[in-house]
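Below is one structure, written out as structure tokens, with a few remarks after it.
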Amino acid sequence: MSWFNDVEKRGRRLCVQRFVTRVLKTGSVPKHVAFIMDGNRRYAQKNCLQRIEGHVSGFEQLAEILYWCRELGIREVTVYAFSIENFKRPADEVDSLMQLMREKFQRLLEEKAMIEKHGMCVRVVGAIHYLPVDVQRLIAEVMLFSRHNSQAYLNICISYTSRHEMCVAVKSISQAVELEYLQPSDISEELIDRCLYSNYSNSVPDLLVRTSGEVRLSDFLLWQTSHAVLYFTKVLWPEFSCWNLFAAVLYYQSQCKHIKLLSLGEHGQLVSEPGCSDHDSAQISLNKHQINSGVKSEKQARIERFLEKAETEKEKYLEELCEVY
């Protein structure tokens, strides 16, 4: 099964769907959608299939949904494919999932022409060192091959939990302080954000969709989704069709203005100094900026050196993985 579902071959049956996409695109369409693809095992049980067949059906549906995301103009998609907690499942199921990953990432490498055609950048987010080495190598090859593409982005969360992601970010910063790459005063919310696995994402998710009827986030993108519209549906992931996606986008359109207003309210407005006019406050702010500019420039340079070093190490790790075999 291809990652690039050739839906176009269905011909006239697409007319209604295409009409709906055009209508939805007259409104606000999320730039970034995240999916918790839940319900594969229940789908298998419901249809008297083996568990792995449920996961295969889930992958096939992902290819379909990625097509319709492209049609809607959704440039970035993040999917929760495999949690660190999933390693606790029965060994035969975990082994089957690892084999499915091998097959699907190998297929991606065989579809390089399609990756280039769609300008898709594929990024795997998570603690991939927990995975079998051959799977790590395939992931590294896909990421390095597609890293310069910028028309569409697919983030696949594998061996991931949000708590682990935040823990790794905090550890990397604390180690940098110990080694004097950073100062304690350099630590900020923005720095933590730039140290997360998702730091190279173009944006945080605007819409998060969870299937199967569960109404929880299951340790997925907890940091990134504070202002996302959350959409929960009882539909199992392998049965999640383009119509369900359209319903999620329509719900987003009904909620996004309210969410954006809440976000602006949390950030607040510029407050004037007590007893000062707006002009005086602006002048005070300018003077403070000039006094602190030297300190800020040193701090920023320190942070940028640290982040550049971390990115170089990550690239080196991926390149070394490609040389394993």
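Quick note on naming: the chains in the structure tokens go A, B, ... in the order shown, residues restart at 1 in each chain, and ligands are numbered from 1 in order of appearance.
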Quick one: residues within 9 Å of segment 315-319 of chain A, only C-alpha atoms counted, chain neighbours fewer than 5 positions away excluded, as a PyMOL selection string? chain A and resi 136-137+139-141+143-144+310
Counting only C-alpha atoms, what is within 10 Å of Arg302 of chain A, bar same-chain residues fewer than 2 positions away, as a list in words? Glu180, Tyr181, Leu182, Gln183, Asp186, Lys296, Ser297, Glu298, Lys299, Gln300, Glu304, Arg305, Phe306, Leu307 and Glu308 of chain A
Can you spit out the residues from that selection as a tab-separated table (two decimals), in the first residue's frame, using all heavy atoms?
```tsv
chain	number	residue	atom	x	y	z
A	180	GLU	N	28.36	25.08	30.97
A	180	GLU	CA	28.52	26.52	30.76
A	180	GLU	C	28.34	26.95	29.30
A	180	GLU	O	28.85	27.98	28.88
A	180	GLU	CB	29.90	27.00	31.29
A	180	GLU	CG	30.05	26.76	32.79
A	180	GLU	CD	31.35	27.34	33.33
A	180	GLU	OE1	32.22	27.74	32.53
A	180	GLU	OE2	31.49	27.38	34.57
A	181	TYR	N	27.60	26.14	28.54
A	181	TYR	CA	27.16	26.60	27.21
A	181	TYR	C	26.05	27.64	27.37
A	181	TYR	O	25.88	28.52	26.53
A	181	TYR	CB	26.64	25.43	26.37
A	181	TYR	CG	27.69	24.42	25.99
A	181	TYR	CD1	27.45	23.05	26.14
A	181	TYR	CD2	28.93	24.81	25.48
A	181	TYR	CE1	28.40	22.11	25.79
A	181	TYR	CE2	29.89	23.88	25.14
A	181	TYR	CZ	29.62	22.52	25.29
A	181	TYR	OH	30.57	21.59	24.95
A	182	LEU	N	25.28	27.48	28.45
A	182	LEU	CA	24.18	28.39	28.76
A	182	LEU	C	24.31	28.90	30.18
A	182	LEU	O	24.98	28.28	31.01
A	182	LEU	CB	22.83	27.68	28.61
A	182	LEU	CG	22.39	27.21	27.21
A	182	LEU	CD1	21.11	26.41	27.33
A	182	LEU	CD2	22.21	28.38	26.26
A	183	GLN	N	23.63	30.01	30.47
A	183	GLN	CA	23.52	30.55	31.82
A	183	GLN	C	22.11	30.26	32.33
A	183	GLN	O	21.17	30.17	31.54
A	183	GLN	CB	23.78	32.05	31.82
A	183	GLN	CG	25.18	32.46	31.39
A	183	GLN	CD	26.26	31.93	32.32
A	183	GLN	OE1	26.08	31.92	33.53
A	183	GLN	NE2	27.37	31.49	31.75
A	186	ASP	N	19.37	32.20	30.91
A	186	ASP	CA	18.99	31.97	29.51
A	186	ASP	C	17.73	31.13	29.38
A	186	ASP	O	17.08	31.12	28.33
A	186	ASP	CB	20.12	31.26	28.75
A	186	ASP	CG	21.39	32.08	28.67
A	186	ASP	OD1	21.30	33.31	28.81
A	186	ASP	OD2	22.47	31.48	28.48
A	296	LYS	N	21.43	41.34	25.96
A	296	LYS	CA	20.54	40.48	25.18
A	296	LYS	C	21.26	39.85	24.00
A	296	LYS	O	21.03	38.69	23.68
A	296	LYS	CB	19.33	41.28	24.72
A	296	LYS	CG	18.33	41.58	25.82
A	296	LYS	CD	17.11	42.30	25.27
A	296	LYS	CE	16.08	42.55	26.37
A	296	LYS	NZ	14.90	43.26	25.87
A	297	SER	N	22.12	40.65	23.35
A	297	SER	CA	22.81	40.12	22.17
A	297	SER	C	23.75	38.98	22.57
A	297	SER	O	23.87	37.99	21.87
A	297	SER	CB	23.58	41.22	21.45
A	297	SER	OG	24.57	41.78	22.29
A	298	GLU	N	24.43	39.12	23.73
A	298	GLU	CA	25.30	38.05	24.22
A	298	GLU	C	24.48	36.81	24.58
A	298	GLU	O	24.86	35.68	24.25
A	298	GLU	CB	26.06	38.53	25.46
A	298	GLU	CG	27.11	39.59	25.17
A	298	GLU	CD	27.78	40.08	26.44
A	298	GLU	OE1	27.56	39.45	27.50
A	298	GLU	OE2	28.51	41.08	26.38
A	299	LYS	N	23.35	37.05	25.23
A	299	LYS	CA	22.47	35.93	25.60
A	299	LYS	C	21.95	35.22	24.37
A	299	LYS	O	21.99	33.99	24.29
A	299	LYS	CB	21.30	36.48	26.43
A	299	LYS	CG	20.24	35.45	26.78
A	299	LYS	CD	19.13	36.10	27.60
A	299	LYS	CE	18.02	35.11	27.89
A	299	LYS	NZ	16.94	35.73	28.72
A	300	GLN	N	21.51	35.99	23.39
A	300	GLN	CA	20.96	35.39	22.17
A	300	GLN	C	22.03	34.61	21.42
A	300	GLN	O	21.76	33.52	20.89
A	300	GLN	CB	20.37	36.48	21.27
A	300	GLN	CG	19.50	35.95	20.14
A	300	GLN	CD	18.30	35.16	20.64
A	300	GLN	OE1	17.74	35.47	21.67
A	300	GLN	NE2	17.95	34.10	19.91
A	304	GLU	N	21.82	30.67	20.54
A	304	GLU	CA	21.91	30.22	19.14
A	304	GLU	C	23.05	29.23	18.95
A	304	GLU	O	22.93	28.26	18.20
A	304	GLU	CB	22.08	31.42	18.20
A	304	GLU	CG	20.86	32.32	18.11
A	304	GLU	CD	19.62	31.59	17.64
A	304	GLU	OE1	19.73	30.64	16.83
A	304	GLU	OE2	18.51	31.95	18.09
A	305	ARG	N	24.18	29.47	19.63
A	305	ARG	CA	25.31	28.51	19.54
A	305	ARG	C	24.89	27.16	20.10
A	305	ARG	O	25.23	26.11	19.53
A	305	ARG	CB	26.53	29.06	20.29
A	305	ARG	CG	27.29	30.14	19.55
A	305	ARG	CD	28.67	30.35	20.17
A	305	ARG	NE	28.59	30.76	21.56
A	305	ARG	CZ	28.53	32.03	21.97
A	305	ARG	NH1	28.52	33.02	21.08
A	305	ARG	NH2	28.48	32.32	23.26
A	306	PHE	N	24.19	27.17	21.23
A	306	PHE	CA	23.74	25.93	21.85
A	306	PHE	C	22.78	25.17	20.93
A	306	PHE	O	22.91	23.96	20.72
A	306	PHE	CB	23.07	26.24	23.19
A	306	PHE	CG	22.20	25.13	23.71
A	306	PHE	CD1	22.74	23.92	24.12
A	306	PHE	CD2	20.81	25.30	23.76
A	306	PHE	CE1	21.93	22.90	24.58
A	306	PHE	CE2	20.00	24.28	24.22
A	306	PHE	CZ	20.55	23.07	24.64
A	307	LEU	N	21.81	25.89	20.36
A	307	LEU	CA	20.82	25.26	19.49
A	307	LEU	C	21.45	24.74	18.20
A	307	LEU	O	21.10	23.67	17.71
A	307	LEU	CB	19.70	26.25	19.16
A	307	LEU	CG	18.81	26.65	20.34
A	307	LEU	CD1	17.88	27.78	19.94
A	307	LEU	CD2	18.01	25.47	20.87
A	308	GLU	N	22.40	25.49	17.68
A	308	GLU	CA	23.11	25.05	16.47
A	308	GLU	C	23.92	23.78	16.74
A	308	GLU	O	23.95	22.86	15.92
A	308	GLU	CB	24.03	26.17	15.97
A	308	GLU	CG	24.72	25.85	14.66
A	308	GLU	CD	25.59	26.99	14.18
A	308	GLU	OE1	25.37	28.14	14.61
A	308	GLU	OE2	26.50	26.72	13.36
```
I'd like to know which residues of segment 6-92 of chain A are alpha helix (DSSP H) (by DSSP, run on the backbone); could you write them as a PyMOL selection string? chain A and resi 15-24+40-46+51-72+91-92
Show which residues sit within 6 Å of Leu207 of chain A, as a PDB file with N, CA and C atoms, in the first residue's frame. Count only C-alpha atoms, and ignore same-chain residues fewer than 3 positions away.
```pdb
ATOM      1  N   VAL A  33      -2.728  20.071  11.285  1.00  0.00           N
ATOM      2  CA  VAL A  33      -3.686  19.188  11.948  1.00  0.00           C
ATOM      3  C   VAL A  33      -2.935  17.997  12.540  1.00  0.00           C
ATOM      4  N   ALA A 228      -5.024  24.677  20.627  1.00  0.00           N
ATOM      5  CA  ALA A 228      -5.593  23.940  19.496  1.00  0.00           C
ATOM      6  C   ALA A 228      -7.077  23.688  19.728  1.00  0.00           C
ATOM      7  N   VAL A 229      -7.824  23.613  18.649  1.00  0.00           N
ATOM      8  CA  VAL A 229      -9.211  23.165  18.714  1.00  0.00           C
ATOM      9  C   VAL A 229      -9.183  21.638  18.818  1.00  0.00           C
TER      10      VAL A 229
END
```
With DSSP run on the backbone, what are the strand (DSSP E) residues within segment 144-180 of chain A? I'd like them as a PyMOL selection string. chain A and resi 152-160
Length of the atom CA of Asn40 of chain A to atom CA of Ala248 of chain A vector [Å]: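 One can read the atom CA of Asn40 of chain A to atom CA of Ala248 of chain A distance as 19.5 Å.
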